[in-house]
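Novice: Dropping in entry_25.pdb, which is PDB, C-alpha atoms and all ligand atoms:
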ATOM      1  CA  MET A  25      -0.822 -24.212 -35.434  1.00  0.00           C
ATOM      2  CA  THR A  26       0.139 -24.283 -39.105  1.00  0.00           C
ATOM      3  CA  ILE A  27       3.506 -22.711 -39.805  1.00  0.00           C
ATOM      4  CA  GLU A  28       3.777 -22.070 -43.534  1.00  0.00           C
ATOM      5  CA  ARG A  29       6.296 -20.630 -45.959  1.00  0.00           C
ATOM      6  CA  THR A  30       5.185 -18.455 -48.852  1.00  0.00           C
ATOM      7  CA  LEU A  31       6.863 -16.750 -51.808  1.00  0.00           C
ATOM      8  CA  ILE A  32       6.610 -12.994 -52.098  1.00  0.00           C
ATOM      9  CA  LEU A  33       7.910 -10.954 -55.016  1.00  0.00           C
ATOM     10  CA  ALA A  34       8.458  -7.221 -54.934  1.00  0.00           C
ATOM     11  CA  LYS A  35       7.757  -6.689 -58.631  1.00  0.00           C
ATOM     12  CA  PRO A  36       9.801  -4.271 -60.794  1.00  0.00           C
ATOM     13  CA  ASP A  37       7.404  -1.389 -60.011  1.00  0.00           C
ATOM     14  CA  ALA A  38       7.999  -1.865 -56.261  1.00  0.00           C
ATOM     15  CA  VAL A  39      11.779  -1.899 -56.681  1.00  0.00           C
ATOM     16  CA  SER A  40      11.779   1.034 -59.064  1.00  0.00           C
ATOM     17  CA  ARG A  41       9.493   3.116 -56.830  1.00  0.00           C
ATOM     18  CA  GLY A  42      11.568   2.400 -53.728  1.00  0.00           C
ATOM     19  CA  LEU A  43       8.792   0.489 -51.981  1.00  0.00           C
ATOM     20  CA  VAL A  44      10.755  -2.650 -51.091  1.00  0.00           C
ATOM     21  CA  GLY A  45      11.405  -1.391 -47.566  1.00  0.00           C
ATOM     22  CA  GLU A  46       7.719  -0.581 -47.081  1.00  0.00           C
ATOM     23  CA  LEU A  47       6.759  -4.033 -48.248  1.00  0.00           C
ATOM     24  CA  ILE A  48       9.248  -5.749 -45.972  1.00  0.00           C
ATOM     25  CA  ALA A  49       8.182  -3.511 -43.068  1.00  0.00           C
ATOM     26  CA  ARG A  50       4.579  -4.632 -43.441  1.00  0.00           C
ATOM     27  CA  LEU A  51       5.581  -8.296 -43.484  1.00  0.00           C
ATOM     28  CA  GLU A  52       7.795  -7.819 -40.431  1.00  0.00           C
ATOM     29  CA  GLN A  53       5.176  -5.805 -38.550  1.00  0.00           C
ATOM     30  CA  ARG A  54       2.722  -8.648 -39.024  1.00  0.00           C
ATOM     31  CA  GLY A  55       5.374 -10.886 -37.502  1.00  0.00           C
ATOM     32  CA  TYR A  56       6.326 -12.952 -40.517  1.00  0.00           C
ATOM     33  CA  LEU A  57       9.930 -14.058 -40.480  1.00  0.00           C
ATOM     34  CA  ILE A  58      12.011 -13.670 -43.622  1.00  0.00           C
ATOM     35  CA  VAL A  59      13.846 -16.938 -44.167  1.00  0.00           C
ATOM     36  CA  ALA A  60      15.244 -16.290 -47.679  1.00  0.00           C
ATOM     37  CA  MET A  61      15.700 -13.178 -49.798  1.00  0.00           C
ATOM     38  CA  ARG A  62      17.196 -12.413 -53.189  1.00  0.00           C
ATOM     39  CA  LEU A  63      17.555  -9.373 -55.483  1.00  0.00           C
ATOM     40  CA  MET A  64      17.534 -10.533 -59.085  1.00  0.00           C
ATOM     41  CA  GLN A  65      16.269  -9.961 -62.610  1.00  0.00           C
ATOM     42  CA  LEU A  66      14.113 -12.705 -64.112  1.00  0.00           C
ATOM     43  CA  ASP A  67      14.678 -14.081 -67.586  1.00  0.00           C
ATOM     44  CA  GLY A  68      11.698 -14.960 -69.776  1.00  0.00           C
ATOM     45  CA  GLU A  69      11.968 -18.682 -69.141  1.00  0.00           C
ATOM     46  CA  ARG A  70      11.828 -18.410 -65.361  1.00  0.00           C
ATOM     47  CA  ALA A  71       9.057 -15.813 -65.574  1.00  0.00           C
ATOM     48  CA  ARG A  72       6.932 -18.052 -67.812  1.00  0.00           C
ATOM     49  CA  THR A  73       7.508 -20.987 -65.434  1.00  0.00           C
ATOM     50  CA  HIS A  74       6.496 -18.890 -62.445  1.00  0.00           C
ATOM     51  CA  TYR A  75       3.296 -17.661 -64.129  1.00  0.00           C
ATOM     52  CA  VAL A  76       2.539 -20.906 -66.012  1.00  0.00           C
ATOM     53  CA  GLU A  77      -1.049 -21.043 -64.652  1.00  0.00           C
ATOM     54  CA  HIS A  78      -1.763 -17.914 -66.707  1.00  0.00           C
ATOM     55  CA  LYS A  79      -0.094 -19.047 -69.930  1.00  0.00           C
ATOM     56  CA  ASP A  80      -3.321 -18.941 -71.963  1.00  0.00           C
ATOM     57  CA  LYS A  81      -4.615 -15.654 -70.571  1.00  0.00           C
ATOM     58  CA  PRO A  82      -4.662 -12.506 -72.718  1.00  0.00           C
ATOM     59  CA  PHE A  83      -2.482 -10.661 -70.188  1.00  0.00           C
ATOM     60  CA  PHE A  84       0.247 -13.350 -70.070  1.00  0.00           C
ATOM     61  CA  ALA A  85       2.673 -11.796 -72.565  1.00  0.00           C
ATOM     62  CA  GLY A  86       2.384  -8.373 -70.952  1.00  0.00           C
ATOM     63  CA  LEU A  87       2.825  -9.873 -67.502  1.00  0.00           C
ATOM     64  CA  VAL A  88       5.994 -11.743 -68.480  1.00  0.00           C
ATOM     65  CA  ASN A  89       7.261  -8.660 -70.245  1.00  0.00           C
ATOM     66  CA  PHE A  90       6.720  -6.549 -67.156  1.00  0.00           C
ATOM     67  CA  ILE A  91       8.064  -8.967 -64.551  1.00  0.00           C
ATOM     68  CA  THR A  92      11.298  -9.329 -66.569  1.00  0.00           C
ATOM     69  CA  SER A  93      11.626  -5.580 -67.201  1.00  0.00           C
ATOM     70  CA  GLY A  94      13.759  -4.770 -64.154  1.00  0.00           C
ATOM     71  CA  PRO A  95      15.071  -6.070 -60.861  1.00  0.00           C
ATOM     72  CA  ILE A  96      12.733  -7.766 -58.406  1.00  0.00           C
ATOM     73  CA  VAL A  97      13.172  -8.918 -54.832  1.00  0.00           C
ATOM     74  CA  ALA A  98      12.093 -12.484 -54.101  1.00  0.00           C
ATOM     75  CA  LEU A  99      11.609 -13.462 -50.520  1.00  0.00           C
ATOM     76  CA  CYS A 100      10.256 -16.279 -48.456  1.00  0.00           C
ATOM     77  CA  ALA A 101       8.226 -15.389 -45.377  1.00  0.00           C
ATOM     78  CA  GLU A 102       7.392 -17.868 -42.654  1.00  0.00           C
ATOM     79  CA  GLY A 103       4.618 -17.716 -40.080  1.00  0.00           C
ATOM     80  CA  GLU A 104       1.307 -19.042 -38.910  1.00  0.00           C
ATOM     81  CA  ASN A 105      -0.972 -19.500 -41.919  1.00  0.00           C
ATOM     82  CA  ALA A 106       1.457 -17.228 -43.765  1.00  0.00           C
ATOM     83  CA  ILE A 107       0.062 -17.997 -47.226  1.00  0.00           C
ATOM     84  CA  GLU A 108      -3.408 -16.602 -46.535  1.00  0.00           C
ATOM     85  CA  GLY A 109      -2.062 -13.929 -44.191  1.00  0.00           C
ATOM     86  CA  VAL A 110       0.264 -12.475 -46.805  1.00  0.00           C
ATOM     87  CA  ARG A 111      -2.512 -12.511 -49.411  1.00  0.00           C
ATOM     88  CA  GLN A 112      -4.567 -10.509 -46.933  1.00  0.00           C
ATOM     89  CA  LEU A 113      -1.756  -7.974 -46.449  1.00  0.00           C
ATOM     90  CA  MET A 114      -1.419  -7.621 -50.250  1.00  0.00           C
ATOM     91  CA  GLY A 115      -5.096  -7.014 -50.962  1.00  0.00           C
ATOM     92  CA  ALA A 116      -7.124  -7.932 -54.050  1.00  0.00           C
ATOM     93  CA  THR A 117      -5.344  -8.312 -57.404  1.00  0.00           C
ATOM     94  CA  ASP A 118      -6.937  -5.137 -58.754  1.00  0.00           C
ATOM     95  CA  PRO A 119      -5.927  -2.220 -56.504  1.00  0.00           C
ATOM     96  CA  LEU A 120      -9.331  -0.650 -57.151  1.00  0.00           C
ATOM     97  CA  SER A 121     -10.974  -3.604 -55.415  1.00  0.00           C
ATOM     98  CA  ALA A 122      -8.351  -3.924 -52.694  1.00  0.00           C
ATOM     99  CA  ALA A 123      -9.342  -2.900 -49.180  1.00  0.00           C
ATOM    100  CA  PRO A 124      -7.786   0.317 -47.866  1.00  0.00           C
ATOM    101  CA  GLY A 125      -4.851  -0.536 -45.629  1.00  0.00           C
ATOM    102  CA  THR A 126      -3.614  -3.276 -47.915  1.00  0.00           C
ATOM    103  CA  ILE A 127      -0.391  -2.849 -49.878  1.00  0.00           C
ATOM    104  CA  ARG A 128      -2.104  -2.758 -53.268  1.00  0.00           C
ATOM    105  CA  ALA A 129      -4.778  -0.277 -52.172  1.00  0.00           C
ATOM    106  CA  ASP A 130      -2.299   1.975 -50.420  1.00  0.00           C
ATOM    107  CA  PHE A 131       0.380   2.103 -53.117  1.00  0.00           C
ATOM    108  CA  ALA A 132      -0.953   0.942 -56.499  1.00  0.00           C
ATOM    109  CA  GLN A 133      -3.449   2.066 -59.121  1.00  0.00           C
ATOM    110  CA  SER A 134      -3.700  -0.640 -61.743  1.00  0.00           C
ATOM    111  CA  ILE A 135      -3.887  -4.426 -61.964  1.00  0.00           C
ATOM    112  CA  GLY A 136      -0.865  -4.587 -64.252  1.00  0.00           C
ATOM    113  CA  ARG A 137       1.307  -2.632 -61.789  1.00  0.00           C
ATOM    114  CA  ASN A 138       0.167  -4.032 -58.473  1.00  0.00           C
ATOM    115  CA  LEU A 139       3.611  -4.162 -56.834  1.00  0.00           C
ATOM    116  CA  VAL A 140       3.593  -7.564 -55.256  1.00  0.00           C
ATOM    117  CA  HIS A 141       3.152 -11.282 -55.795  1.00  0.00           C
ATOM    118  CA  GLY A 142       2.215 -13.770 -53.100  1.00  0.00           C
ATOM    119  CA  SER A 143       1.623 -17.510 -53.423  1.00  0.00           C
ATOM    120  CA  ASP A 144      -2.075 -18.410 -53.289  1.00  0.00           C
ATOM    121  CA  SER A 145      -1.992 -21.973 -51.878  1.00  0.00           C
ATOM    122  CA  LYS A 146       0.278 -24.502 -50.210  1.00  0.00           C
ATOM    123  CA  MET A 147       0.864 -26.179 -53.560  1.00  0.00           C
ATOM    124  CA  SER A 148       1.765 -22.984 -55.388  1.00  0.00           C
ATOM    125  CA  ALA A 149       3.965 -21.826 -52.498  1.00  0.00           C
ATOM    126  CA  GLU A 150       5.993 -25.020 -52.714  1.00  0.00           C
ATOM    127  CA  ARG A 151       6.215 -24.920 -56.479  1.00  0.00           C
ATOM    128  CA  GLU A 152       7.080 -21.217 -56.639  1.00  0.00           C
ATOM    129  CA  LEU A 153       9.643 -21.236 -53.821  1.00  0.00           C
ATOM    130  CA  ALA A 154      11.553 -23.936 -55.715  1.00  0.00           C
ATOM    131  CA  ILE A 155      11.740 -21.637 -58.759  1.00  0.00           C
ATOM    132  CA  PHE A 156      13.487 -18.880 -56.801  1.00  0.00           C
ATOM    133  CA  PHE A 157      15.421 -20.638 -54.045  1.00  0.00           C
ATOM    134  CA  SER A 158      17.411 -23.767 -53.430  1.00  0.00           C
ATOM    135  CA  GLU A 159      17.417 -25.600 -50.098  1.00  0.00           C
ATOM    136  CA  ASN A 160      20.553 -23.928 -48.755  1.00  0.00           C
ATOM    137  CA  ASP A 161      19.197 -20.408 -49.379  1.00  0.00           C
ATOM    138  CA  PHE A 162      16.867 -20.835 -46.389  1.00  0.00           C
ATOM    139  CA  VAL A 163      17.965 -19.844 -42.892  1.00  0.00           C
ATOM    140  CA  SER A 164      16.388 -21.091 -39.702  1.00  0.00           C
ATOM    141  CA  ARG A 165      14.407 -18.540 -37.690  1.00  0.00           C
ATOM    142  CA  ARG A 166      13.226 -21.192 -35.242  1.00  0.00           C
ATOM    143  CA  HIS A 167      14.752 -19.295 -32.335  1.00  0.00           C
ATOM    144  CA  ASP A 168      12.899 -16.053 -33.227  1.00  0.00           C
ATOM    145  CA  MET A 169       9.703 -17.980 -33.813  1.00  0.00           C
ATOM    146  CA  GLU A 170       9.905 -19.503 -30.332  1.00  0.00           C
ATOM    147  CA  ARG A 171      10.945 -16.285 -28.646  1.00  0.00           C
ATOM    148  CA  TRP A 172       8.380 -13.965 -30.198  1.00  0.00           C
ATOM    149  CA  PHE A 173       5.491 -15.970 -31.503  1.00  0.00           C
ATOM    150  CA  ARG A 174       5.107 -19.301 -29.717  1.00  0.00           C
ATOM    151  CA  GLU A 175       4.833 -20.215 -26.076  1.00  0.00           C
TER     152      GLU A 175
HETATM  153  N1  LIG B 201      -2.942  -9.510 -64.175  1.00  0.00           N
HETATM  154  C1  LIG B 201      -3.166  -8.577 -65.173  1.00  0.00           C
HETATM  155  N2  LIG B 201      -4.420  -8.495 -65.715  1.00  0.00           N
HETATM  156  C2  LIG B 201      -5.463  -9.267 -65.294  1.00  0.00           C
HETATM  157  C3  LIG B 201      -5.217 -10.214 -64.276  1.00  0.00           C
HETATM  158  C4  LIG B 201      -3.945 -10.309 -63.727  1.00  0.00           C
HETATM  159  O1  LIG B 201      -2.257  -7.856 -65.566  1.00  0.00           O
HETATM  160  O2  LIG B 201      -6.579  -9.138 -65.823  1.00  0.00           O
HETATM  161  C5  LIG B 201      -1.594  -9.610 -63.567  1.00  0.00           C
HETATM  162  C6  LIG B 201      -1.561  -8.964 -62.204  1.00  0.00           C
HETATM  163  O3  LIG B 201      -0.358  -8.215 -62.099  1.00  0.00           O
HETATM  164  C7  LIG B 201      -1.558 -10.138 -61.241  1.00  0.00           C
HETATM  165  C8  LIG B 201      -0.843 -11.221 -62.074  1.00  0.00           C
HETATM  166  O4  LIG B 201      -1.243 -10.965 -63.404  1.00  0.00           O
HETATM  167  O5  LIG B 201      -0.875  -9.841 -60.030  1.00  0.00           O
HETATM  168  C9  LIG B 201      -1.209 -12.629 -61.696  1.00  0.00           C
HETATM  169  O6  LIG B 201      -2.608 -12.757 -61.682  1.00  0.00           O
HETATM  170  P1  LIG B 201      -3.371 -13.493 -60.497  1.00  0.00           P
HETATM  171  O7  LIG B 201      -4.789 -13.686 -60.911  1.00  0.00           O
HETATM  172  O8  LIG B 201      -2.599 -14.715 -60.108  1.00  0.00           O
HETATM  173  O9  LIG B 201      -3.352 -12.393 -59.326  1.00  0.00           O
HETATM  174  P2  LIG B 201      -2.536 -12.366 -57.943  1.00  0.00           P
HETATM  175  O10 LIG B 201      -2.396 -13.788 -57.473  1.00  0.00           O
HETATM  176  O11 LIG B 201      -1.223 -11.704 -58.219  1.00  0.00           O
HETATM  177  O12 LIG B 201      -3.398 -11.546 -57.023  1.00  0.00           O
HETATM  178 MG    MG B 202      -1.674 -15.455 -58.443  1.00  0.00          MG
END
Please, can you express the file's structure as C-alpha cells?
Specialist:
Amino acid sequence: MTIERTLILAKPDAVSRGLVGELIARLEQRGYLIVAMRLMQLDGERARTHYVEHKDKPFFAGLVNFITSGPIVALCAEGENAIEGVRQLMGATDPLSAAPGTIRADFAQSIGRNLVHGSDSKMSAERELAIFFSENDFVSRRHDMERWFRE
C-alpha cells in the first residue's frame, strides 16, 4: 500500500465561482484526508517557481498572470496512490477532453480556466508541497486513516 501526499490548488476561478466546497467534497468523498490547507494569494515569484516546468511555453505568462489574479486555496491530500487518484478526479487538462464526472468536465469549459491543479508525480508533489507548506503546517490524520481506510 502506497500512502502518498499530493498538492492540490483550487485556482482563482474555483474560489471566485464558489467551487472550493465542491472540490473539497469530491476529495473527501473519495476518502482522501486533508492534512494541510491554506487560503492565500500567490505573488509572481512563487507562481513562476510552482510552474517552472512550463517556463518556456507560450501559455506561461498568461498562466502566471491568472494564478496570481485572485485568492487560491492550497491543500495537501493524503491517501493510497493519492497522486494518480487526484489526477483522475480532476480529469484531463483540457475540460473538453476530460471524462464526464471529473471536476474539469463537470465545471469547466476551457484549458486556461480549468479550476484545479494537482501534482503529477511523486517528485513534483514533493517539490510543490514545499512551495506552499512548511513542515509544521501538516497535521497527522493517522488515526482517521487507520479507522476508515486500513485494517
Ligand atoms: N495550460 C494552458 N494552455 C495550454 C496548456 C496548459 O493554459 O495549452 C494551463 C492549464 O491551466 C494547466 C496549466 O497550464 O492546468 C498547467 O499545464 P499542465 O500541462 O501541467 O496541466 P495540468 O497538470 O494542470 O493538467
Ligand atoms: Mg501539471
Novice: To check your reading of the model: which residues sit at most 12 Å from ligand MG 202 (chain B) when counting all atoms listed in the file? Write the answer as a list of chain:residue names.
Specialist: A:Leu31, A:Ile32, A:Leu33, A:His74, A:Tyr75, A:Val76, A:Glu77, A:His78, A:Phe84, A:Leu87, A:Ile107, A:Arg111, A:Met114, A:Gly115, A:Ala116, A:Thr117, A:Asp118, A:Ile135, A:Asn138, A:Val140, A:His141, A:Gly142, A:Ser143, A:Asp144, A:Ser145, A:Ser148, A:Ala149, A:Glu152
Novice: Carefully work through the PyMOL selection byres (((chain A and resi 35) around 8) and not hetatm) for this structure and note down the residues it includes, as a count of residues only.
Specialist: 13
Novice: Given the file above and the PyMOL selection byres (((chain A and resi 100) around 8) and not hetatm), which residues are selected, and can you give them as number ranges by chain?
Specialist: A: 29-32, 58-61, 98-99, 101-102, 153
Novice: Report as a ChimeraX atom specification all protein, DNA and RNA residues lying within 10 Å of segment 52-54 of chain A, evaluated on only C-alpha atoms, omitting residues in the same chain fewer than 4 positions from it.
Specialist: /A:46-48,58,101,103,106,109-110,113
Novice: State, in Å with one decimal place, the distance from atom CA of Gly94 of chain A to atom CA of Thr126 of chain A.
Specialist: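 The value is 23.8 Å.
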Novice: Quote the spacing between atom CA of Leu66 of chain A and atom CA of Arg128 of chain A in Å to one decimal place.
Specialist: 21.9 Å
Novice: Would you give the centre and edge lengths, in Å to one decimal, of a box along x, y and z around the listed atoms of segment 78-96 of chain A, with 5 Å added to each side, as JSON?
Specialist:
{"center_x": 5.2, "center_y": -11.9, "center_z": -65.6, "size_x": 29.7, "size_y": 24.3, "size_z": 24.3}
Novice: Just how far from atom CA of Pro119 of chain A is atom CA of Gln133 of chain A, in Å to one decimal?
Specialist: 5.6 Å
Novice: Which of these, A:Arg174, A:Arg41, A:Arg72, A:Lys146, has the shortest distance to Val88 of chain A once you count all atoms listed in the file?
Specialist: A:Arg72
Novice: Could you write out as a VMD selection string the residues that the PyMOL selection byres (((chain A and resi 169) around 10) and not hetatm) matches in the shown file?
Specialist: chain A and resid 27 55 to 57 102 to 104 164 to 168 170 to 175
Novice: Which residue is closest to Thr92 of chain A? Choose from A:Glu159, A:Glu69, A:Glu150, A:Asp80 and count all atoms listed in the file.
Specialist: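 Of A:Glu159, A:Glu69, A:Glu150, A:Asp80, the one nearest Thr92 of chain A is A:Glu69, counting all atoms listed in the file.
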Novice: Just checking: using all atoms listed in the file, which residue out of A:Ala122, A:Gly42, A:Gln65, A:Phe90 ends up closest to Gly136 of chain A?
Specialist: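 Of A:Ala122, A:Gly42, A:Gln65, A:Phe90, the one nearest Gly136 of chain A is A:Phe90, counting all atoms listed in the file.
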Novice: Could you check which of A:Ile127, A:Phe83, A:Met25, A:Ser93 is closest to Leu51 of chain A, using all atoms listed in the file?
Specialist: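 That would be A:Ile127, the residue with the smallest distance to Leu51 of chain A.
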Novice: Using only C-alpha atoms and all ligand atoms, which residue out of A:Met147, A:Val163, A:Leu43, A:Ala85 lies closest to ligand LIG 201 (chain B)?
Specialist: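 Closest residue, counting only C-alpha atoms and all ligand atoms: A:Ala85.
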Novice: Give me segment 146-157 of chain A with all heavy atoms filled in, as an mmCIF file, keeping the file's coordinate frame.
Specialist:
data_model
loop_
_atom_site.group_PDB
_atom_site.id
_atom_site.type_symbol
_atom_site.label_atom_id
_atom_site.label_comp_id
_atom_site.auth_asym_id
_atom_site.auth_seq_id
_atom_site.Cartn_x
_atom_site.Cartn_y
_atom_site.Cartn_z
ATOM 1 N N LYS A 146 -0.881 -23.712 -50.652
ATOM 2 C CA LYS A 146 0.278 -24.502 -50.210
ATOM 3 C C LYS A 146 1.026 -25.073 -51.411
ATOM 4 O O LYS A 146 2.247 -25.045 -51.474
ATOM 5 C CB LYS A 146 -0.217 -25.668 -49.341
ATOM 6 C CG LYS A 146 0.058 -25.504 -47.868
ATOM 7 C CD LYS A 146 -0.255 -26.819 -47.149
ATOM 8 C CE LYS A 146 0.453 -26.903 -45.833
ATOM 9 N NZ LYS A 146 0.031 -25.903 -44.850
ATOM 10 N N MET A 147 0.246 -25.581 -52.382
ATOM 11 C CA MET A 147 0.864 -26.179 -53.560
ATOM 12 C C MET A 147 1.634 -25.161 -54.376
ATOM 13 O O MET A 147 2.762 -25.406 -54.802
ATOM 14 C CB MET A 147 -0.210 -26.833 -54.434
ATOM 15 C CG MET A 147 -0.103 -28.333 -54.492
ATOM 16 S SD MET A 147 -1.389 -29.053 -55.524
ATOM 17 C CE MET A 147 -0.994 -28.355 -57.136
ATOM 18 N N SER A 148 1.037 -23.982 -54.585
ATOM 19 C CA SER A 148 1.765 -22.984 -55.388
ATOM 20 C C SER A 148 2.948 -22.429 -54.597
ATOM 21 O O SER A 148 3.990 -22.127 -55.182
ATOM 22 C CB SER A 148 0.860 -21.889 -55.938
ATOM 23 O OG SER A 148 -0.021 -21.401 -55.000
ATOM 24 N N ALA A 149 2.829 -22.303 -53.289
ATOM 25 C CA ALA A 149 3.965 -21.826 -52.498
ATOM 26 C C ALA A 149 5.155 -22.768 -52.668
ATOM 27 O O ALA A 149 6.283 -22.324 -52.921
ATOM 28 C CB ALA A 149 3.578 -21.706 -51.027
ATOM 29 N N GLU A 150 4.911 -24.044 -52.573
ATOM 30 C CA GLU A 150 5.993 -25.020 -52.714
ATOM 31 C C GLU A 150 6.615 -24.969 -54.103
ATOM 32 O O GLU A 150 7.829 -24.939 -54.273
ATOM 33 C CB GLU A 150 5.460 -26.427 -52.450
ATOM 34 C CG GLU A 150 6.044 -27.053 -51.198
ATOM 35 C CD GLU A 150 5.371 -28.362 -50.861
ATOM 36 O OE1 GLU A 150 5.449 -29.295 -51.688
ATOM 37 O OE2 GLU A 150 4.751 -28.430 -49.783
ATOM 38 N N ARG A 151 5.740 -24.932 -55.095
ATOM 39 C CA ARG A 151 6.215 -24.920 -56.479
ATOM 40 C C ARG A 151 7.005 -23.640 -56.762
ATOM 41 O O ARG A 151 8.095 -23.666 -57.320
ATOM 42 C CB ARG A 151 5.015 -25.019 -57.439
ATOM 43 C CG ARG A 151 5.394 -25.167 -58.911
ATOM 44 C CD ARG A 151 4.187 -25.059 -59.833
ATOM 45 N NE ARG A 151 3.693 -23.707 -59.956
ATOM 46 C CZ ARG A 151 4.190 -22.784 -60.791
ATOM 47 N NH1 ARG A 151 5.213 -23.091 -61.587
ATOM 48 N NH2 ARG A 151 3.683 -21.568 -60.829
ATOM 49 N N GLU A 152 6.458 -22.504 -56.325
ATOM 50 C CA GLU A 152 7.080 -21.217 -56.639
ATOM 51 C C GLU A 152 8.380 -21.006 -55.867
ATOM 52 O O GLU A 152 9.344 -20.457 -56.420
ATOM 53 C CB GLU A 152 6.096 -20.084 -56.329
ATOM 54 C CG GLU A 152 4.882 -20.083 -57.258
ATOM 55 C CD GLU A 152 3.782 -19.121 -56.814
ATOM 56 O OE1 GLU A 152 3.977 -18.401 -55.807
ATOM 57 O OE2 GLU A 152 2.733 -19.091 -57.466
ATOM 58 N N LEU A 153 8.413 -21.410 -54.604
ATOM 59 C CA LEU A 153 9.643 -21.236 -53.821
ATOM 60 C C LEU A 153 10.806 -21.976 -54.491
ATOM 61 O O LEU A 153 11.940 -21.481 -54.510
ATOM 62 C CB LEU A 153 9.446 -21.714 -52.380
ATOM 63 C CG LEU A 153 8.664 -20.741 -51.489
ATOM 64 C CD1 LEU A 153 8.260 -21.407 -50.169
ATOM 65 C CD2 LEU A 153 9.478 -19.469 -51.223
ATOM 66 N N ALA A 154 10.507 -23.143 -55.067
ATOM 67 C CA ALA A 154 11.553 -23.936 -55.715
ATOM 68 C C ALA A 154 12.081 -23.258 -56.982
ATOM 69 O O ALA A 154 13.196 -23.532 -57.425
ATOM 70 C CB ALA A 154 11.023 -25.333 -56.035
ATOM 71 N N ILE A 155 11.292 -22.363 -57.562
ATOM 72 C CA ILE A 155 11.740 -21.637 -58.759
ATOM 73 C C ILE A 155 12.771 -20.566 -58.388
ATOM 74 O O ILE A 155 13.675 -20.254 -59.152
ATOM 75 C CB ILE A 155 10.529 -20.975 -59.465
ATOM 76 C CG1 ILE A 155 9.569 -22.054 -59.971
ATOM 77 C CG2 ILE A 155 10.973 -20.062 -60.604
ATOM 78 C CD1 ILE A 155 8.238 -21.498 -60.483
ATOM 79 N N PHE A 156 12.648 -20.016 -57.193
ATOM 80 C CA PHE A 156 13.487 -18.880 -56.801
ATOM 81 C C PHE A 156 14.608 -19.234 -55.828
ATOM 82 O O PHE A 156 15.589 -18.513 -55.746
ATOM 83 C CB PHE A 156 12.603 -17.782 -56.187
ATOM 84 C CG PHE A 156 11.729 -17.120 -57.194
ATOM 85 C CD1 PHE A 156 10.496 -17.654 -57.533
ATOM 86 C CD2 PHE A 156 12.160 -15.980 -57.860
ATOM 87 C CE1 PHE A 156 9.693 -17.060 -58.494
ATOM 88 C CE2 PHE A 156 11.368 -15.375 -58.824
ATOM 89 C CZ PHE A 156 10.139 -15.919 -59.136
ATOM 90 N N PHE A 157 14.454 -20.312 -55.098
ATOM 91 C CA PHE A 157 15.421 -20.638 -54.045
ATOM 92 C C PHE A 157 15.799 -22.105 -54.085
ATOM 93 O O PHE A 157 14.995 -22.943 -54.471
ATOM 94 C CB PHE A 157 14.838 -20.310 -52.663
ATOM 95 C CG PHE A 157 14.495 -18.855 -52.474
ATOM 96 C CD1 PHE A 157 13.173 -18.437 -52.456
ATOM 97 C CD2 PHE A 157 15.505 -17.903 -52.336
ATOM 98 C CE1 PHE A 157 12.852 -17.092 -52.292
ATOM 99 C CE2 PHE A 157 15.200 -16.557 -52.184
ATOM 100 C CZ PHE A 157 13.871 -16.153 -52.155
#
